[in-house]
$ cat query12.txt   # compact mmCIF, C-alpha atoms
# COMPACT_ATOMS: atom_id res chain seq x y z
CA MET A 25 -3.55 -31.30 0.62
CA ASN A 26 -2.14 -34.81 0.11
CA THR A 27 -0.32 -33.84 -3.03
CA MET A 28 1.22 -30.92 -1.20
CA LYS A 29 2.64 -33.13 1.51
CA GLN A 30 4.08 -35.38 -1.14
CA LYS A 31 5.64 -32.44 -2.86
CA SER A 32 7.40 -31.19 0.25
CA SER A 33 8.93 -34.60 0.94
CA GLU A 34 10.13 -34.76 -2.68
CA ASN A 35 11.94 -31.53 -2.13
CA ALA A 36 13.47 -32.38 1.20
CA GLN A 37 16.92 -33.00 -0.22
CA PRO A 38 20.03 -32.31 1.83
CA ALA A 39 21.09 -28.67 1.73
CA SER A 40 23.77 -27.85 -0.80
CA ALA A 41 27.06 -26.36 0.31
CA GLU A 42 25.96 -23.00 -1.03
CA ARG A 43 22.74 -23.09 0.98
CA ARG A 44 24.56 -24.08 4.11
CA ARG A 45 26.96 -21.19 3.71
CA PHE A 46 24.05 -18.80 3.33
CA MET A 47 22.28 -20.20 6.37
CA SER A 48 25.31 -19.77 8.59
CA VAL A 49 25.63 -16.13 7.55
CA ALA A 50 21.93 -15.53 8.13
CA GLY A 51 22.17 -17.25 11.51
CA ALA A 52 25.10 -15.09 12.57
CA THR A 53 23.25 -11.91 11.57
CA ALA A 54 20.16 -12.88 13.52
CA ALA A 55 22.17 -13.73 16.63
CA GLY A 56 24.06 -10.42 16.51
CA LEU A 57 20.86 -8.42 16.39
CA ALA A 58 19.29 -10.40 19.18
CA ILE A 59 21.73 -9.03 21.72
CA ALA A 60 21.39 -5.37 20.88
CA PRO A 61 17.79 -4.06 21.04
CA GLY A 62 16.42 -6.67 23.46
CA VAL A 63 12.86 -6.07 24.64
CA MET A 64 12.17 -3.35 22.05
CA LEU A 65 11.90 -5.91 19.29
CA VAL A 66 8.90 -7.60 20.85
CA GLU A 67 7.09 -4.30 21.28
CA VAL A 68 7.71 -3.24 17.71
CA ALA A 69 6.41 -6.49 16.32
CA HIS A 70 3.03 -5.71 17.90
CA GLY A 71 2.80 -2.38 16.11
CA ARG A 72 4.55 0.77 17.20
CA PRO A 73 2.82 3.89 18.57
CA GLU A 74 1.49 6.07 15.75
CA ASP A 75 3.83 8.97 16.58
CA GLN A 76 6.92 6.75 16.31
CA PRO A 77 8.78 6.47 13.01
CA ALA A 78 9.54 3.09 11.46
CA SER A 79 12.63 1.69 13.13
CA SER A 80 15.71 -0.01 11.72
CA ALA A 81 15.59 -2.44 14.65
CA VAL A 82 13.02 -4.22 12.50
CA ARG A 83 13.50 -5.65 9.04
CA TRP A 84 10.33 -6.90 7.46
CA GLY A 85 10.64 -9.93 5.27
CA MET A 86 8.73 -12.76 3.68
CA LEU A 87 9.34 -16.44 3.24
CA VAL A 88 7.76 -18.21 0.27
CA ASP A 89 7.57 -21.98 0.55
CA SER A 90 7.11 -22.88 -3.10
CA THR A 91 6.57 -26.54 -2.21
CA LYS A 92 3.27 -25.48 -0.61
CA CYS A 93 2.31 -22.96 -3.31
CA ALA A 94 -0.60 -24.59 -5.16
CA THR A 95 -0.99 -24.84 -8.92
CA GLY A 96 -3.89 -22.72 -10.19
CA CYS A 97 -4.31 -20.91 -6.88
CA ASN A 98 -4.30 -17.14 -7.13
CA GLU A 99 -5.49 -16.21 -3.63
CA CYS A 100 -2.46 -14.04 -2.83
CA VAL A 101 -2.84 -12.05 -6.04
CA SER A 102 -6.55 -11.36 -5.65
CA ALA A 103 -6.14 -10.51 -1.96
CA CYS A 104 -3.45 -7.98 -2.88
CA SER A 105 -5.64 -6.42 -5.55
CA THR A 106 -8.58 -6.18 -3.13
CA GLU A 107 -6.51 -4.72 -0.29
CA ASN A 108 -4.64 -2.25 -2.45
CA GLY A 109 -7.36 -1.43 -4.97
CA TRP A 110 -5.62 -2.32 -8.23
CA THR A 111 -7.54 -3.94 -11.06
CA PRO A 112 -6.37 -7.50 -11.76
CA VAL A 113 -4.82 -8.15 -15.17
CA ALA A 114 -7.69 -10.42 -16.20
CA GLU A 115 -10.17 -7.58 -15.57
CA SER A 116 -8.12 -4.84 -17.17
CA LYS A 117 -9.07 -3.16 -20.44
CA HIS A 118 -5.35 -2.88 -21.18
CA PRO A 119 -3.77 -6.07 -19.83
CA LYS A 120 -0.30 -5.17 -21.09
CA GLN A 121 -0.34 -1.99 -19.02
CA ALA A 122 -2.11 -3.46 -16.03
CA PRO A 123 -0.56 -2.99 -12.61
CA GLN A 124 1.02 -6.08 -11.04
CA TRP A 125 2.02 -5.69 -7.44
CA ILE A 126 2.28 -9.46 -7.17
CA ARG A 127 2.00 -12.18 -9.81
CA LYS A 128 1.91 -15.94 -9.83
CA LEU A 129 4.62 -17.77 -11.76
CA GLU A 130 4.44 -21.39 -12.84
CA LEU A 131 7.85 -22.66 -13.84
CA GLN A 132 8.77 -25.98 -15.38
CA ASP A 133 12.15 -27.63 -15.51
CA PRO A 134 12.54 -28.40 -19.25
CA LEU A 135 14.42 -31.63 -18.51
CA THR A 136 12.51 -33.15 -15.60
CA HIS A 137 9.17 -31.39 -16.19
CA HIS A 138 9.08 -30.66 -12.48
CA GLU A 139 6.70 -27.76 -11.85
CA THR A 140 7.35 -24.98 -9.40
CA ASN A 141 4.77 -22.41 -8.33
CA LEU A 142 5.64 -19.15 -6.68
CA PRO A 143 4.44 -15.59 -6.28
CA MET A 144 6.85 -12.89 -7.51
CA MET A 145 6.80 -9.34 -6.21
CA CYS A 146 9.10 -6.63 -4.89
CA GLN A 147 11.89 -8.45 -3.05
CA HIS A 148 12.51 -5.50 -0.71
CA CYS A 149 16.26 -5.57 -1.30
CA ALA A 150 18.61 -4.18 1.32
CA GLU A 151 20.57 -2.74 -1.63
CA PRO A 152 17.75 -1.83 -4.02
CA PRO A 153 18.79 -0.96 -7.59
CA CYS A 154 15.54 1.00 -8.01
CA VAL A 155 16.70 3.39 -5.28
CA ASP A 156 20.14 3.80 -6.86
CA VAL A 157 18.75 4.93 -10.22
CA CYS A 158 15.89 7.19 -9.07
CA PRO A 159 16.64 10.77 -10.15
CA THR A 160 14.34 12.41 -7.59
CA GLY A 161 14.86 10.23 -4.53
CA ALA A 162 11.24 9.10 -4.73
CA SER A 163 12.27 5.45 -4.76
CA PHE A 164 13.48 4.79 -1.25
CA LYS A 165 13.94 2.21 1.45
CA ARG A 166 12.17 2.84 4.73
CA ALA A 167 14.06 2.32 8.00
CA ASP A 168 12.34 -1.04 8.50
CA GLY A 169 13.48 -2.34 5.12
CA ILE A 170 10.29 -1.76 3.11
CA VAL A 171 11.13 -0.44 -0.35
CA LEU A 172 8.58 2.16 -1.46
CA VAL A 173 7.85 4.82 -4.05
CA ASN A 174 7.11 8.24 -2.59
CA ARG A 175 4.39 9.14 -5.05
CA HIS A 176 4.60 12.78 -3.99
CA THR A 177 8.00 13.07 -5.66
CA CYS A 178 7.80 10.35 -8.34
CA ILE A 179 7.93 11.86 -11.85
CA GLY A 180 7.05 8.63 -13.65
CA CYS A 181 10.36 8.30 -15.53
CA ARG A 182 10.37 4.52 -15.02
CA TYR A 183 14.14 4.17 -14.55
CA CYS A 184 13.37 2.05 -11.49
CA MET A 185 11.22 -0.29 -13.58
CA MET A 186 14.18 -0.87 -15.89
CA ALA A 187 16.59 -1.34 -12.98
CA CYS A 188 14.49 -3.90 -11.11
CA PRO A 189 15.73 -7.46 -11.80
CA TYR A 190 12.36 -8.86 -10.66
CA LYS A 191 10.02 -6.89 -12.94
CA ALA A 192 8.22 -5.93 -9.75
CA ARG A 193 7.15 -2.40 -10.61
CA SER A 194 4.52 -0.96 -12.89
CA LEU A 195 3.31 2.47 -13.94
CA VAL A 196 -0.24 3.75 -13.55
CA HIS A 197 -1.19 4.69 -17.11
CA GLU A 198 -4.74 5.81 -16.61
CA ASN A 199 -6.75 8.20 -14.51
CA LEU A 200 -8.26 6.17 -11.71
CA HIS A 201 -11.32 8.42 -11.21
CA ASP A 202 -11.50 8.24 -7.44
CA THR A 203 -11.67 4.42 -7.35
CA GLN A 204 -8.75 4.21 -4.90
CA LYS A 205 -9.05 2.82 -1.41
CA PRO A 206 -8.79 5.55 1.25
CA ASP A 207 -5.84 3.75 2.84
CA VAL A 208 -4.00 3.21 -0.43
CA PRO A 209 -3.63 6.28 -2.62
CA ARG A 210 -2.34 5.54 -6.13
CA GLY A 211 -2.42 7.61 -9.24
CA ILE A 212 -1.68 8.28 -12.86
CA GLY A 213 1.91 8.89 -13.89
CA CYS A 214 3.49 7.21 -10.89
CA VAL A 215 5.35 3.96 -10.48
CA GLU A 216 4.11 1.55 -7.84
CA SER A 217 4.86 -1.89 -6.45
CA CYS A 218 4.31 -4.16 -3.47
CA THR A 219 4.50 -2.13 -0.25
CA PHE A 220 4.40 -5.14 2.12
CA CYS A 221 0.95 -3.67 2.88
CA VAL A 222 2.61 -0.76 4.67
CA GLN A 223 -0.82 0.54 5.74
CA LYS A 224 -1.48 -2.76 7.54
CA VAL A 225 2.01 -3.06 8.99
CA ASP A 226 1.80 0.47 10.44
CA ARG A 227 -1.62 -0.35 11.87
CA GLY A 228 0.04 -3.19 13.77
CA ASP A 229 -1.55 -6.08 11.85
CA GLY A 230 1.90 -7.68 11.61
CA THR A 231 1.00 -9.36 8.33
CA THR A 232 0.10 -8.65 4.72
CA ALA A 233 -3.03 -9.32 2.65
CA CYS A 234 -1.35 -12.04 0.56
CA VAL A 235 -0.11 -13.92 3.62
CA GLU A 236 -3.54 -13.74 5.24
CA ALA A 237 -5.18 -15.09 2.09
CA CYS A 238 -2.67 -17.91 1.64
CA THR A 239 -3.12 -18.96 5.25
CA ALA A 240 -6.92 -18.70 5.04
CA ALA A 241 -6.85 -20.92 1.95
CA GLY A 242 -4.98 -23.52 4.00
CA HIS A 243 -1.78 -23.49 1.94
CA ASN A 244 0.48 -21.74 4.46
CA ALA A 245 3.05 -21.11 1.75
CA LEU A 246 3.76 -17.54 2.93
CA VAL A 247 5.20 -16.26 6.19
CA PHE A 248 5.66 -12.57 6.96
CA GLY A 249 7.64 -11.16 9.84
CA ASP A 250 10.64 -9.46 11.35
CA LEU A 251 13.91 -10.91 10.08
CA ASN A 252 15.79 -9.12 12.87
CA ASP A 253 13.83 -10.82 15.64
CA PRO A 254 15.33 -14.27 16.19
CA GLU A 255 12.11 -15.41 17.90
CA SER A 256 9.78 -14.46 15.03
CA GLU A 257 8.11 -17.27 13.11
CA ILE A 258 9.92 -16.27 9.94
CA SER A 259 13.38 -16.26 11.58
CA LYS A 260 12.75 -19.68 13.08
CA LYS A 261 11.61 -21.09 9.73
CA LEU A 262 14.61 -19.58 7.98
CA ARG A 263 16.88 -21.32 10.47
CA GLU A 264 15.08 -24.60 9.89
CA ILE A 265 14.70 -24.93 6.16
CA PRO A 266 17.01 -24.12 3.26
CA THR A 267 16.03 -20.99 1.38
CA LYS A 268 17.34 -19.12 -1.63
CA GLU A 269 17.33 -15.58 -2.90
CA VAL A 270 16.27 -15.15 -6.52
CA ARG A 271 19.29 -13.92 -8.49
CA ALA A 272 21.47 -14.24 -5.41
CA ASP A 273 24.40 -13.47 -7.73
CA LEU A 274 23.36 -9.82 -7.70
CA ASN A 275 24.14 -9.57 -3.99
CA LEU A 276 21.12 -7.42 -3.19
CA ASN A 277 20.33 -9.02 0.20
CA LEU A 278 16.65 -9.67 -0.39
CA GLY A 279 13.83 -9.40 2.11
CA VAL A 280 11.93 -12.19 0.33
CA ARG A 281 13.33 -15.72 0.50
CA TYR A 282 12.18 -18.82 -1.36
CA HIS A 283 12.18 -22.42 -0.24
CA GLY A 284 11.99 -25.23 -2.79
CA ILE A 285 13.32 -23.41 -5.85
CA MET B 207 -32.42 55.91 2.32
CA LYS B 208 -28.95 56.72 1.04
CA ARG B 209 -27.64 56.23 4.58
CA LEU B 210 -29.26 52.81 4.72
CA VAL B 211 -27.62 51.75 1.45
CA ALA B 212 -24.24 52.92 2.74
CA LEU B 213 -24.77 50.99 5.96
CA GLY B 214 -25.76 47.96 3.92
CA ALA B 215 -22.59 48.30 1.89
CA VAL B 216 -20.50 48.41 5.06
CA ILE B 217 -22.21 45.31 6.40
CA LEU B 218 -21.75 43.50 3.11
CA THR B 219 -18.05 44.38 3.05
CA ALA B 220 -17.65 43.08 6.58
CA ALA B 221 -19.49 39.93 5.58
CA ALA B 222 -17.23 39.57 2.58
CA LEU B 223 -14.14 39.85 4.79
CA ALA B 224 -15.53 37.12 6.99
CA TRP B 225 -16.49 35.00 3.97
CA ALA B 226 -14.76 31.94 5.14
CA GLY B 227 -16.89 31.71 8.26
CA ALA B 228 -20.18 32.13 6.45
CA ASP B 229 -22.55 29.17 6.32
CA ALA B 230 -24.39 30.10 3.14
CA PRO B 231 -22.93 31.46 -0.09
CA ALA B 232 -23.25 35.23 0.35
CA ARG B 233 -23.66 36.91 -3.00
CA THR B 234 -22.27 40.43 -2.90
CA GLY B 235 -21.80 40.84 -6.60
CA GLY B 236 -18.69 39.70 -8.49
CA ALA B 237 -17.55 36.11 -8.06
CA PRO B 238 -19.85 33.93 -5.96
CA LYS B 239 -18.37 33.45 -2.51
CA PRO B 240 -17.19 29.95 -1.67
CA VAL B 241 -19.46 27.60 0.20
CA ILE B 242 -18.09 26.14 3.41
CA VAL B 243 -20.05 22.94 3.89
CA LYS B 244 -20.38 22.25 7.60
CA ALA B 245 -18.22 19.36 8.76
CA VAL B 246 -20.27 16.19 9.32
CA LYS B 247 -18.18 15.16 12.31
CA GLY B 248 -16.61 17.09 15.16
CA GLU B 249 -17.41 20.33 16.95
CA ARG B 250 -14.37 22.15 15.69
CA CYS B 251 -11.36 21.62 13.51
CA VAL B 252 -8.02 20.22 14.63
CA GLU B 253 -6.81 23.83 14.98
CA SER B 254 -8.67 27.15 14.95
CA ASN B 255 -10.52 28.00 11.75
CA GLU B 256 -8.20 30.98 11.22
CA PHE B 257 -5.12 28.77 11.53
CA MET B 258 -6.57 26.13 9.23
CA ARG B 259 -7.59 28.61 6.54
CA ARG B 260 -4.05 29.94 6.33
CA ASN B 261 -1.96 26.88 7.11
CA HIS B 262 -3.76 23.72 6.02
CA MET B 263 -1.49 23.30 3.01
CA LYS B 264 1.65 23.58 5.16
CA VAL B 265 0.53 21.05 7.74
CA LEU B 266 -0.61 18.64 5.03
CA ASN B 267 2.71 18.84 3.19
CA HIS B 268 4.60 18.28 6.41
CA GLN B 269 2.39 15.35 7.37
CA ARG B 270 2.74 13.62 4.02
CA ASP B 271 6.54 13.49 4.27
CA GLU B 272 6.48 12.31 7.87
CA THR B 273 4.00 9.57 7.04
CA VAL B 274 5.39 8.33 3.76
CA ILE B 275 9.11 8.56 4.48
CA GLU B 276 9.27 7.93 8.20
CA GLY B 277 6.07 5.98 8.82
CA ILE B 278 4.69 8.39 11.45
CA ARG B 279 0.91 8.00 11.44
CA THR B 280 -0.39 10.67 13.84
CA LYS B 281 -4.03 11.51 13.14
CA LYS B 282 -4.13 15.27 13.75
CA PHE B 283 -3.02 16.53 10.33
CA SER B 284 -3.67 13.37 8.37
CA LEU B 285 -5.44 13.94 5.07
CA LYS B 286 -7.55 10.86 5.69
CA GLN B 287 -8.85 12.51 8.88
CA CYS B 288 -9.72 15.77 7.08
CA ILE B 289 -11.83 13.69 4.73
CA GLU B 290 -13.49 11.76 7.59
CA CYS B 291 -14.88 15.04 8.97
CA HIS B 292 -15.25 17.21 5.90
CA ALA B 293 -16.80 14.87 3.30
CA SER B 294 -20.18 16.35 2.36
CA GLU B 295 -23.37 14.59 3.34
CA LYS B 296 -24.72 14.96 -0.18
CA THR B 297 -21.84 13.54 -2.22
CA GLY B 298 -20.01 11.64 0.53
CA SER B 299 -16.85 13.28 -0.76
CA VAL B 300 -14.63 16.33 -0.20
CA ALA B 301 -14.12 16.88 -3.90
CA ALA B 302 -16.89 15.39 -6.04
CA SER B 303 -18.97 18.49 -6.72
CA LYS B 304 -18.25 22.20 -6.95
CA ASP B 305 -19.58 22.91 -3.48
CA ASP B 306 -17.60 20.17 -1.75
CA PHE B 307 -15.22 21.21 1.01
CA CYS B 308 -11.86 21.05 -0.77
CA VAL B 309 -13.24 22.45 -4.05
CA SER B 310 -15.34 25.51 -3.38
CA CYS B 311 -12.67 27.60 -1.69
CA HIS B 312 -10.03 26.56 -4.15
CA SER B 313 -12.01 27.49 -7.21
CA TYR B 314 -12.74 30.87 -5.60
CA ALA B 315 -9.02 31.41 -4.96
CA ALA B 316 -7.99 29.79 -8.28
CA VAL B 317 -5.98 27.08 -6.51
CA LYS B 318 -5.53 23.74 -8.24
CA ILE B 319 -4.49 20.68 -6.25
CA ASP B 320 -3.63 17.23 -7.57
CA CYS B 321 -4.03 15.37 -4.28
CA PHE B 322 -7.23 13.66 -5.39
CA ASP B 323 -5.62 12.16 -8.49
CA CYS B 324 -4.36 9.62 -5.98
CA HIS B 325 -6.12 10.10 -2.67
CA SER B 326 -9.69 8.91 -2.32
CA THR B 327 -12.04 11.84 -1.72
CA LYS B 328 -14.30 9.68 0.43
CA PRO B 329 -13.96 8.49 4.00
CA GLN B 330 -13.04 4.93 4.95
CA GLY B 331 -15.95 2.53 4.88
CA SER B 332 -17.81 4.18 2.03
CA MET B 333 -16.02 1.89 -0.42
CA ALA B 334 -17.89 -1.36 0.08
CA MET B 335 -20.38 -0.47 -2.62
CA HIS B 336 -17.74 0.64 -5.03
CA PRO B 337 -17.83 -1.20 -8.39
CA LEU B 338 -14.08 -1.79 -8.30
CA ASN B 339 -14.30 -3.62 -5.00
CA ALA B 340 -17.32 -5.55 -6.09
CA GLU B 341 -15.30 -6.66 -9.12
CA SER B 342 -12.41 -7.81 -6.97
CA ALA B 343 -14.69 -9.81 -4.73
CA HIS B 344 -16.03 -11.63 -7.75
CA TYR B 345 -12.58 -12.15 -9.11
CA ALA B 346 -11.56 -14.93 -6.74
CA HIS B 347 -14.72 -16.75 -7.60
CA LYS B 348 -14.19 -16.37 -11.33
CA LEU B 349 -10.63 -17.59 -11.05
CA ALA B 350 -11.69 -20.61 -9.10
CA ALA B 351 -14.28 -21.34 -11.77
CA THR B 352 -11.80 -21.06 -14.65
CA ALA B 353 -9.18 -23.16 -12.87
CA GLY B 354 -11.72 -26.01 -13.00
CA SER B 355 -10.87 -29.35 -11.49
CA LYS B 356 -7.66 -28.23 -9.83
CA ILE B 357 -9.54 -26.45 -7.04
CA SER B 358 -10.96 -28.64 -4.33
CA ALA B 359 -14.52 -28.51 -3.02
CA GLU B 360 -13.38 -27.04 0.29
CA GLU B 361 -11.56 -24.29 -1.53
CA MET B 362 -14.60 -23.49 -3.62
CA ALA B 363 -16.69 -23.26 -0.49
CA LYS B 364 -14.17 -20.86 0.99
CA VAL B 365 -14.12 -18.64 -2.10
CA ALA B 366 -17.90 -18.50 -2.29
CA ARG B 367 -18.14 -17.40 1.38
$ encode --input "query12.txt" --output "structure tokens"
Amino acid sequence: MNTMKQKSSENAQPASAERRRFMSVAGATAAGLAIAPGVMLVEVAHGRPEDQPASSAVRWGMLVDSTKCATGCNECVSACSTENGWTPVAESKHPKQAPQWIRKLELQDPLTHHETNLPMMCQHCAEPPCVDVCPTGASFKRADGIVLVNRHTCIGCRYCMMACPYKARSLVHENLHDTQKPDVPRGIGCVESCTFCVQKVDRGDGTTACVEACTAAGHNALVFGDLNDPESEISKKLREIPTKEVRADLNLNLGVRYHGI
Amino acid sequence: MKRLVALGAVILTAAALAWAGADAPARTGGAPKPVIVKAVKGERCVESNEFMRRNHMKVLNHQRDETVIEGIRTKKFSLKQCIECHASEKTGSVAASKDDFCVSCHSYAAVKIDCFDCHSTKPQGSMAMHPLNAESAHYAHKLAATAGSKISAEEMAKVAR
């Protein structure tokens, strides 16, 4: 824990001009949305009634604080695999084809040798390239910003995998022989990726398996919440600390933001 | 005697017409009639048996789009709920053996569905003993072990919980 504290102070440099510009835009967006739906937002955050569709008043998002993301820790990845029933790469008979809804990256600056840890997964873009290229409309963005594959109409062409700048999607290559979790159907010939634990979100848990695991492990590197609700923990954090989008140059307006990269 | 046989034939035909309601497989010659395993939960289905026999595929298809695309999670026509009630006591599944609920009828009517390529055939809660889940539970522990010194004692304690 000590080393982590040290790390975060190392990284507490003044925000660059670019970061400040981004923060002011994000701030303005949050403020604008605060006025419109009012009380509704609070209700939705506690889980909506089961007969109500997902609402665009909410935009789910995640904040990754890479300064708190521990070297060698894989809690988020194993929690995701347990919750969603996919076999981890290390356990797979065919590691190169193994599903990866979330993966840990350890990056090193070649000049300073400074190490950065972070989980990489679907960034839940507001303008998702995977949706643009899908020939059947199976790749889609739900009203609340979660980018999903409708496996009922996915034909497994993998265009979306090629289009994704984050290498976030994978194809199920093998028959799964009824090993799926009842809440998380997945199957051969379909593309899949992080769903922000849509089954948990719709149940009203208000969090994802990876965030729960990271918090339980005491790292607190992940925050999940409603980006449209200015009072949510994630919105407050985003106001406080400088964050970046990965490949911000692509202008995809990501739902996942990183601090300390 | 002839009259009796004729009467028998009439009864058998009537029974055949009502096949779907029969508890036991009634053999009347030709293809064996489908078995309708009694639901383990609930007094009756979410709609009348007649409605369900004819329309279950329509309501399921409608439900899947509402749930996946819009996020509506009503229980009534949810496939997960069908499985909760209709999984057989013997196999714990709706589609593991030829007499299971979603199989017997379909093989009689030569219907092939792919739903269970993806959807679990077993109700929620029956998965704890599944080898895949057991593997995943061990995985965190293994990882912690291979990461060696970098994981603290507290973290190890947490993983081994």
$ interface_residues --input "query12.txt" --of "chain A" --to "chain B" --cutoff "6 Å" --atoms "all atoms listed in the file" --output "short mmCIF file (atom, residue, chain, number, x, y, z; two decimals) with C-alpha atoms, in the coordinates of the input"
data_model
loop_
_atom_site.label_atom_id
_atom_site.label_comp_id
_atom_site.auth_asym_id
_atom_site.auth_seq_id
_atom_site.Cartn_x
_atom_site.Cartn_y
_atom_site.Cartn_z
CA GLU A 74 1.49 6.07 15.75
CA ASP A 75 3.83 8.97 16.58
CA GLN A 76 6.92 6.75 16.31
CA PRO A 77 8.78 6.47 13.01
CA ALA A 78 9.54 3.09 11.46
CA GLY A 96 -3.89 -22.72 -10.19
CA THR A 106 -8.58 -6.18 -3.13
CA ASP A 202 -11.50 8.24 -7.44
CA GLN A 204 -8.75 4.21 -4.90
CA PRO A 206 -8.79 5.55 1.25
CA PRO A 209 -3.63 6.28 -2.62
CA ARG A 210 -2.34 5.54 -6.13
CA GLY A 211 -2.42 7.61 -9.24
#
$ atom_distance --input "query12.txt" --atom1 "atom CA of Ser310 of chain B" --atom2 "atom CA of Pro240 of chain B"
5.1 Å
$ closest_residue --input "query12.txt" --among "A:Asn277, A:Gly180, A:Ala94, A:Gln124" --to "Pro152 of chain A" --atoms "all atoms listed in the file"
A:Asn277
$ atom_distance --input "query12.txt" --atom1 "atom CA of Ile319 of chain B" --atom2 "atom CA of Met263 of chain B"
10.1 Å
